[in-house]
Every structure is written in structure tokens, then in C-alpha cells.
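Engineer: Please read through the structure below; I'll follow up with questions.
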Amino acid sequence: MPSDPTKPLLRLTPSADQPRPVGRARPIPSPAAFPRDRQTGSFGPKFTRLAEILARGEGALELRADPAGLAPERLLVFEVRGSISRFAEAIRQVAGLELVDEEELESDEGDKQPVTYLLVPDMLALRSLESLWRRWQAGQLVRGETPWATVFEHLRDLRAWGPDDRVQSADRTFLSSILEGHHDNDLIRLEIELVFRANEASARQSEEETTRALIARGGLVLSRCRLPEISYHALLADIPAWAVREIIAREIGGIAGLDAVMHIRPQSEATAVEIGDPEDTPQAEQQVAELGEPILAILDGVPVSAHRRLARHIDLDDPINLEPDALVVTRAHGTAMASLVIHGDLNRGEAPLPRKIHMIPVLGNNDDFPPDRLIVDMIYLAVTRLRDQRPGIVMVNLSLGNRYRPFQNHLSPWARLLDRLAYRFGLLFVVSAGNQVFPFGMPGYATSRDYEAADAASRARSMVETLHGVMADRRLLSPAETINGITVGAANIDAIGPAERGALARVLIDPFPAHVAANPSSSLGPGFARSVKPDILMPGAREHMACVGNHRHIDVRPAMASRGAGLKVAAPPRDGRENQDGYSNGTSAAAALASRTCHRIHDALEATYGAAFLQIPAAQRAVLLKALLVHPAQWPREIAEVIKTTLGPTGRGQASKQKDNIRRFLGYGYVDAEDALACAADRATFFATGVLEPNRIATIDVPVPVAIGGKTRPHSLSATVAWFSPVLPGRKTYRSSRLKIVTPAELDALAVSTERWHPDENQSNRGTVSSRRWSGANAPVVTPNMTVPLVVQRDPDQSTAVDEAIPFGVAVTICMPGEIGIYDEVRARVVPPVQARP
């Protein structure tokens, strides 16, 4: 049943928090240790050489002469089998030893949880390490040194951080493409991330050493940024092309061989938006209502702020002074995103938002990142300024990504920054998943005519199978892996009519003509620590494919937005004509619509509850919007079935792996914005918000309508909790605070069980939004005034304990399609009763 705007979301109040029940901790099985003779043979020579040089006295220079050896101030990689509990604490007992990073690696058949620890020792720490090794060999480690015995027993590799680590394969490919056509002395702009040193003197020394090496090669440092909050230290530098070729070759004598360097990458480049089929904007009706103060900000390109559709809605702040140099005709990205946030898809004719939108440009001319700034530095300055100048902002739209930084299991500095700022300022960042616009092959079709002739089911299966085969090249684009933000993928939905669509279909091919699905260009998950990413899908236009013949099969690429497949937006002027409209698509557009939906949820709650809602602290409102946005997400059943049957795996016990494949494409699923805003006669959605102290629980009593009792009909209970977690950069336990929904004891009485077409509990509990869904078709047993005590539990903090209370938001829905008495019954039981604002 469609949502009914006269049936608002229902507010519940959590009980006073109580201690979390303490159960017996499930023992974590220890991985098998390597044989001692294997360890001695593999690593003994390294420690023997170290001992020999240390015995001579001052051996720092001699140690550093070997680029692969253990040396002071050199990043060392300890790769172990399985996670070593209490290792971080043991490191602190070794004076002069600094933990830089701790990361869970991709598992393999022989090792389910490999972990790498990156450590920087000084001379004293090297002596201690050598002594620990020698005493472990002799069985003489004392109390407190046990974790080191575990490290040496499980050590898979011990080596210095080297050129192969500093210049990763994807970055070599990007750099090689950038170098094409450049002469040796042409300058190439790179980002050089340094090994983060907590000690400022050590950090300064690392930066000075790197700067001298760059200058010696004819390079120049343009900008720098050091943010201890996220363990980030980087330089933006121009380097001659010949020196970049050294980097690509990973030559030990080049920049790639510098001990102070962590990573070398191309300068960040923004993902682009093209606006198709421009047309004149009709004269707008006179609008006299005064717009409210902004609660939503957009970080994007410079907009055409004088555009007829935007002028009265945008509150523009340009602290980086990008507007004067941005040619008006190139202002596509910011103009389109502002239009989508304010008006939605213009083809739908929705009312504009009732508040102004605060907009800070971070893209300059041609919708590029400013050439002389690090993007992390720029976003940090923009958001901190935003919080100072507009304290009422609770959500930020970021329809941007770095096309040179696909997510490869390690969090980017940009994502770490968003996570930190979200928790620090209580801001919900809505981020685009990123668009993959390059051509790819479609095996199975020799010609475009064959592809066009295939039926809808065949097209869908072949596209899913093809994308799965190239998924390593279609991962989320930084900062979409953010754990505290919401990541939005693009669904193939728009408001184009049959006539316009038919004209397009004569020249392009719809890969999913009969399915609601993620567009082929929408980046695939999962996210950090295999969390659900993208979180949701929202309309990104029905993407069609352009086909190119190949000698074996066709190649396809996503076509740009158009009148036949696009979201209608305000556009920059064309051919001297002001006030143009056009068409956009992709994950940037989907994220903008998600931000608009969050704003509309806020508007609906404000309209219903007035000051009582606005008095909720901003951080709690932000996490509540996060929960309410994700809560209605559902996997489109037909495409989920296609993914399951096409990719498998088949057989008993494979359900979790099948769901892994589905959530790569769909996240939690597609969100219908109207379902997030209101209830229906046969569906009631409740919300609650609060804070949780460490190891506490909060209980929300959810009323169960008698109307569903005894009815043998499909029905469901769903619940979503969202929060902002403090983060620990450089630690495997990066997400330090974990909340979850405890499985209700009343499921049997409600005759529901875990929903098959939804991520399972383990998959859902890996991020900072956890969604559970239970469904059934047998008759529930409901007693008068029955409630489901829904428990939100804060589990023990991972690693370092966090003393602060964590803000959370909860959404709960009870639904029995066709049973029209549900909403009115539970609304009558809500205390205090819902009061319409005068």
C-alpha cells in the first residue's frame, strides 16, 4: 500500500539504559603456530645480522645501507597468521617502537584471519626486538612478554616496507596512463603520503628528508597536510616525468625507495558528470514564502547560483575562492547536484525543500579539484568552517569521489576524515558510491544485434555475470568506504515516459529492461571489514549501454544521461542561453536524492512534532535520519533471484555466500523515498533515539496491533539501528564502538523468522547501521496491549575503551499488507499522542 502523508512516523521513547547482560565470552580459536625450525630458518638470519651490527656499536648507518634489512626509523612489516590479542599493548612496553598500522589481510585457505602490523623502531627498540627474538628462541621470555612469543610463533613474514608497498599495482597503471605523451622534464603532480609519525619532531624530519629528495630530482612541494586525528601526513608535489618513471619501475634509488614514504599516488581527480539534452528552463512561478535556515550542506562544484531554479535556494560560501575562476559553462556538477537536492528529479514535479541549502565549492574550473590543494586538507577546512558558521547543519551531501582511488580493503585518508568528522561534529555524510564509466567486454554476444535480440532475463543474467567477472576493477571510489557515512549506489529508475524511452531504445540497449537493479556503472561493494556497501540504492536513471564491436565479442559502456534516460536537472548555460535544464544520472545523482530524502524526513518529523523534534540534539537527529533512510531498503526480489541463480554458489550451507554476492550489487536494497517519510494504513513505522554508555542496553517497547493476530497472511517486523562510532586510525579494530539489535524473544509469537532476502545478522553487524528483518505467513498470536521489547545493545568497545556515550537512532516497522487497521490501532497506543503542530 502506498505511503500516506497523513500517517506520520510514530515516536517512541527508549527506557532508561541498563547494564548489558554479561554472558560467557565465546573463545576465539587460536591459529596454528608455525614449527619453530621453520621460524628459525626464515627469520633467524635477519636477527643474526641485526645482532652482529648492533654488537659493533653505532650501527645505524650500516643497518640503513641495506634497504631490505631491519633498520632504525624504517617501517617494518610483521605479517602474522591470525590476530594477536593484546599485541598493541605489548608494543607499548618496548621503548622506541611505534605502531603505525594494523590491518586484517585478505584470507586464504591456509589462513582465515591474517593480520599485518606496521612498526617503526628506533635504535633502542631494535635492540629490544633482537633481544626478544633471542630469548624466545631460548625459551626465556618473562611475564608480560607472552604476546611476543605468539608473534614469533605465528610470523608469516618479516620485512621492510619497500617500493612494492609504496607503489601499488593500480597506482602504477594510473601513473603510466598519465605519463603518456610527456617528455622527461615535464612535471607530473603526485600525492606522497608519508609514514605517519605521532612524534612531531620525527614527522618534521620525515617531511624534510622527502622534500630534499624531491628537490634533488627537480621536484617541488606545492602543499602539505598533517592531521593527527586521522594519522595522515602527505605532500602534494610536482615531479619530473623521468623521476615518475623511476617510481613506476619501483626503483630503490628513487622516491619509491625513501623510508619516510608510505604511498605514492596520482593527484586526486574528481569523478565527472555530463549533462545531456539541454533545453530552456520554463519561467518559474512567483514564490513568496521565506525559506528557513539550512540544515543540509553540499560540498561540490561551483553552481550556477543565479540560475532561475537555484537563486533563492542556495546559501553559498566560497572560502577557497573557487567561484571567480570557474567558467559558468563548466559548472555542471554543482549545479546538477544542487538542483536534485532542492527539487528532486524535475520530471516528477515535486515541491522544493522549504529551507535554504548551504553550499561550499570544492571543485573549481571544469569541475576539477583545485590543482594546488590536497583534497583531504580542503575537505577538512570546509567541514570545520561549516560547523563554525552553520551550527544547525545535520547532514552533508558529498556526491564526489576520487577516480584514482578505488577501495582495496584499506581505508583511504578521505574516508577516515569523514568518519572522524561525522563523530566529532554529529554530521551525517551522504556519499556517492562512484561511477565506473569505462568500456568492458560482454562475453556471449558476438554483435550488438545479438545483445539487442536477447530477452530481458538473458540480458540481466549476462550483465550480472559479466560485472561479477570484472568486480575487482569496479570497487567503491574513495571516500565511499566511509563507515560512519551512508554510501549510495544508483538504481535504474527515473520518470521518463514511454515515448522518450522508445526513441532511445532504438540506438542503445537497456541491460535490465524488466528488473529494478543497480546500474552497471554503479560501483560494487563490500566495504571496509566486509561491511554492507553501498548501503542503499536510489534512483540514478535507467542507464543504457552503447555497444562497440570486437573480433570475439561486443564491448559495452554506459551511455550518458539523456531525455530518454535521465534525471532532469538545472544545467549551466549553453550557446549563450541562460537558465537551461538538462539530464544527469549515476551515483552522484542518487546520493543527491538520498540527501533530499533525509531532508524531507527531517521536514516531516518537524511538521509533526515541532519543537519536541528540534530539541533532540543534532547528533541524535543525524543518526536517526541515517536509520530512517536505510530502514525501508529492500532487495528487489527479481534481480536478487537473478544474482543468486547466476552467481551461486549452490548447495546446502551456501546462503551466506549467496547473500554476499547480492549485497555487493544491492547493499541493503532500493529505497522508495515515500516509504521513508510516512506510514500507511497497513504499515506502522516507529522511531526512537538516545545515547548509550559503554556496556549498556536500551529497550524500546514497540506496540503490536491486535489487528494482525490470528491472520494467516504475509507480515513482517523490521528494525534498524544506526550510530556514529569513534574510529581508531591505523588499527584493525578501526570501528571502536559496536551496537546491535538483539533478536527479540517474541518472534515465535509473531510467527516470523529471519528474512531470506536480506543480509544476515553477521553481514549487517559489520558497519554502523544494522538492519534486521523477520517475516512469515502463519497466524501471529497477539494479546491485548502486547509489545515487542526491542533491545539495542552496546557491545564491549573494541581495543581501547571509549568512555563517551554513543548517539543512536532506531526505526521499527510492523506490516501486514492489506490489514488496514494497523496504523490507527498502534497510533492510539503511542504515549504521548501525536500532536499536529499548529
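We label chains A, B, ... in the order they appear in the C-alpha cells, count residues from 1 in each chain, and number ligands from 1 in the order shown.
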Looking only at the backbone, which of the residues in stretch 5-96 of chain A does DSSP tag as helix (DSSP H, G or I), as a PyMOL selection string?
Structural biologist: chain A and resi 36-55+60-64+87-92
Engineer: Pick out the residues sitting within 8 Å of A:Ser223, and hand them over as a list in words; count only C-alpha atoms, and ignore anything fewer than 3 positions along from it in its own chain.
Structural biologist: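 Selected residues are Leu235, Leu236, Ala237, Asp372, Arg373 and Leu374 of chain A.
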Engineer: Which residues are close to A:Thr813, i.e. within 8 Å by only C-alpha atoms, leaving aside same-chain residues fewer than 2 positions away? Reply as an mmCIF file with N, CA and C atoms, in the first residue's frame.
Structural biologist:
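Just written: selection-v4.cif:
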data_model
loop_
_atom_site.group_PDB
_atom_site.id
_atom_site.type_symbol
_atom_site.label_atom_id
_atom_site.label_comp_id
_atom_site.auth_asym_id
_atom_site.auth_seq_id
_atom_site.Cartn_x
_atom_site.Cartn_y
_atom_site.Cartn_z
ATOM 1 N N ARG A 683 0.682 -0.381 7.620
ATOM 2 C CA ARG A 683 2.110 -0.378 7.965
ATOM 3 C C ARG A 683 2.384 0.757 8.955
ATOM 4 N N ALA A 684 3.009 0.428 10.071
ATOM 5 C CA ALA A 684 3.365 1.440 11.070
ATOM 6 C C ALA A 684 4.869 1.418 11.295
ATOM 7 N N THR A 685 5.472 2.597 11.183
ATOM 8 C CA THR A 685 6.909 2.726 11.448
ATOM 9 C C THR A 685 7.106 3.634 12.658
ATOM 10 N N PHE A 686 7.901 3.169 13.591
ATOM 11 C CA PHE A 686 8.204 3.883 14.814
ATOM 12 C C PHE A 686 9.668 4.333 14.769
ATOM 13 N N SER A 716 5.430 -8.822 8.500
ATOM 14 C CA SER A 716 6.863 -8.677 8.793
ATOM 15 C C SER A 716 7.090 -7.725 9.962
ATOM 16 N N LEU A 717 8.238 -7.905 10.577
ATOM 17 C CA LEU A 717 8.787 -6.992 11.583
ATOM 18 C C LEU A 717 10.204 -6.665 11.132
ATOM 19 N N SER A 718 10.522 -5.386 11.072
ATOM 20 C CA SER A 718 11.880 -4.993 10.686
ATOM 21 C C SER A 718 12.376 -3.915 11.631
ATOM 22 N N ALA A 719 13.695 -3.893 11.849
ATOM 23 C CA ALA A 719 14.287 -2.927 12.777
ATOM 24 C C ALA A 719 15.669 -2.531 12.276
ATOM 25 N N ALA A 811 14.731 2.672 13.939
ATOM 26 C CA ALA A 811 13.474 2.632 13.192
ATOM 27 C C ALA A 811 12.928 1.216 13.257
ATOM 28 N N CYS A 815 4.232 -4.620 9.674
ATOM 29 C CA CYS A 815 3.450 -4.533 8.435
ATOM 30 C C CYS A 815 2.723 -5.848 8.171
#
Engineer: Give the answer as one residue: which of A:Pro784, A:Pro789, A:Pro31, A:Pro2 has the shortest atom-to-atom distance to A:Pro744, using only C-alpha atoms?
Structural biologist: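 Checking each of A:Pro784, A:Pro789, A:Pro31, A:Pro2 against A:Pro744, counting only C-alpha atoms, the winner is A:Pro789.
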Engineer: Could you pull out the strand (DSSP E) residues of stretch 177-308 of chain A, going by DSSP on the backbone, and write them as a PyMOL selection string?
Structural biologist: chain A and resi 187-194+220-227+232-240+261-266+276-280+296-301
Engineer: For the selection you just gave me, I'd like the residues written to a file as a short mmCIF file (atom, residue, chain, number, x, y, z; two decimals), in the first residue's frame, keeping C-alpha atoms.
Structural biologist:
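The result, written out as again-v9.cif:
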data_model
loop_
_atom_site.label_atom_id
_atom_site.label_comp_id
_atom_site.auth_asym_id
_atom_site.auth_seq_id
_atom_site.Cartn_x
_atom_site.Cartn_y
_atom_site.Cartn_z
CA LEU A 187 56.23 17.97 -14.30
CA ILE A 188 53.68 15.45 -13.03
CA ARG A 189 51.66 16.19 -9.91
CA LEU A 190 51.61 13.42 -7.29
CA GLU A 191 50.36 12.86 -3.76
CA ILE A 192 53.03 11.44 -1.48
CA GLU A 193 51.65 10.04 1.75
CA LEU A 194 54.28 9.77 4.47
CA LEU A 220 58.73 20.99 -5.94
CA VAL A 221 56.43 20.63 -2.94
CA LEU A 222 53.22 22.61 -3.52
CA SER A 223 51.19 21.80 -0.44
CA ARG A 224 51.29 19.75 2.74
CA CYS A 225 48.80 18.45 5.28
CA ARG A 226 49.25 16.71 8.63
CA LEU A 227 46.13 15.66 10.55
CA TYR A 232 47.56 11.44 7.95
CA HIS A 233 50.65 13.26 6.67
CA ALA A 234 51.02 13.99 2.97
CA LEU A 235 52.69 16.23 0.41
CA LEU A 236 51.44 17.43 -2.95
CA ALA A 237 54.41 17.70 -5.27
CA ASP A 238 55.43 18.26 -8.88
CA ILE A 239 57.96 15.67 -10.05
CA PRO A 240 59.70 15.40 -13.43
CA VAL A 261 57.22 7.35 2.22
CA MET A 262 54.10 5.25 2.81
CA HIS A 263 52.32 5.57 -0.57
CA ILE A 264 52.76 7.38 -3.88
CA ARG A 265 49.66 8.10 -5.94
CA PRO A 266 48.44 10.38 -8.73
CA GLY A 276 22.72 15.77 -21.69
CA ASP A 277 20.00 17.22 -23.91
CA PRO A 278 19.91 20.84 -22.74
CA GLU A 279 16.68 22.78 -23.05
CA ASP A 280 15.33 26.10 -21.85
CA LEU A 296 21.85 20.44 4.83
CA ALA A 297 25.15 21.35 3.19
CA ILE A 298 26.54 20.36 -0.19
CA LEU A 299 30.28 20.09 -0.85
CA ASP A 300 30.56 20.05 -4.62
CA GLY A 301 31.40 22.14 -7.65
#
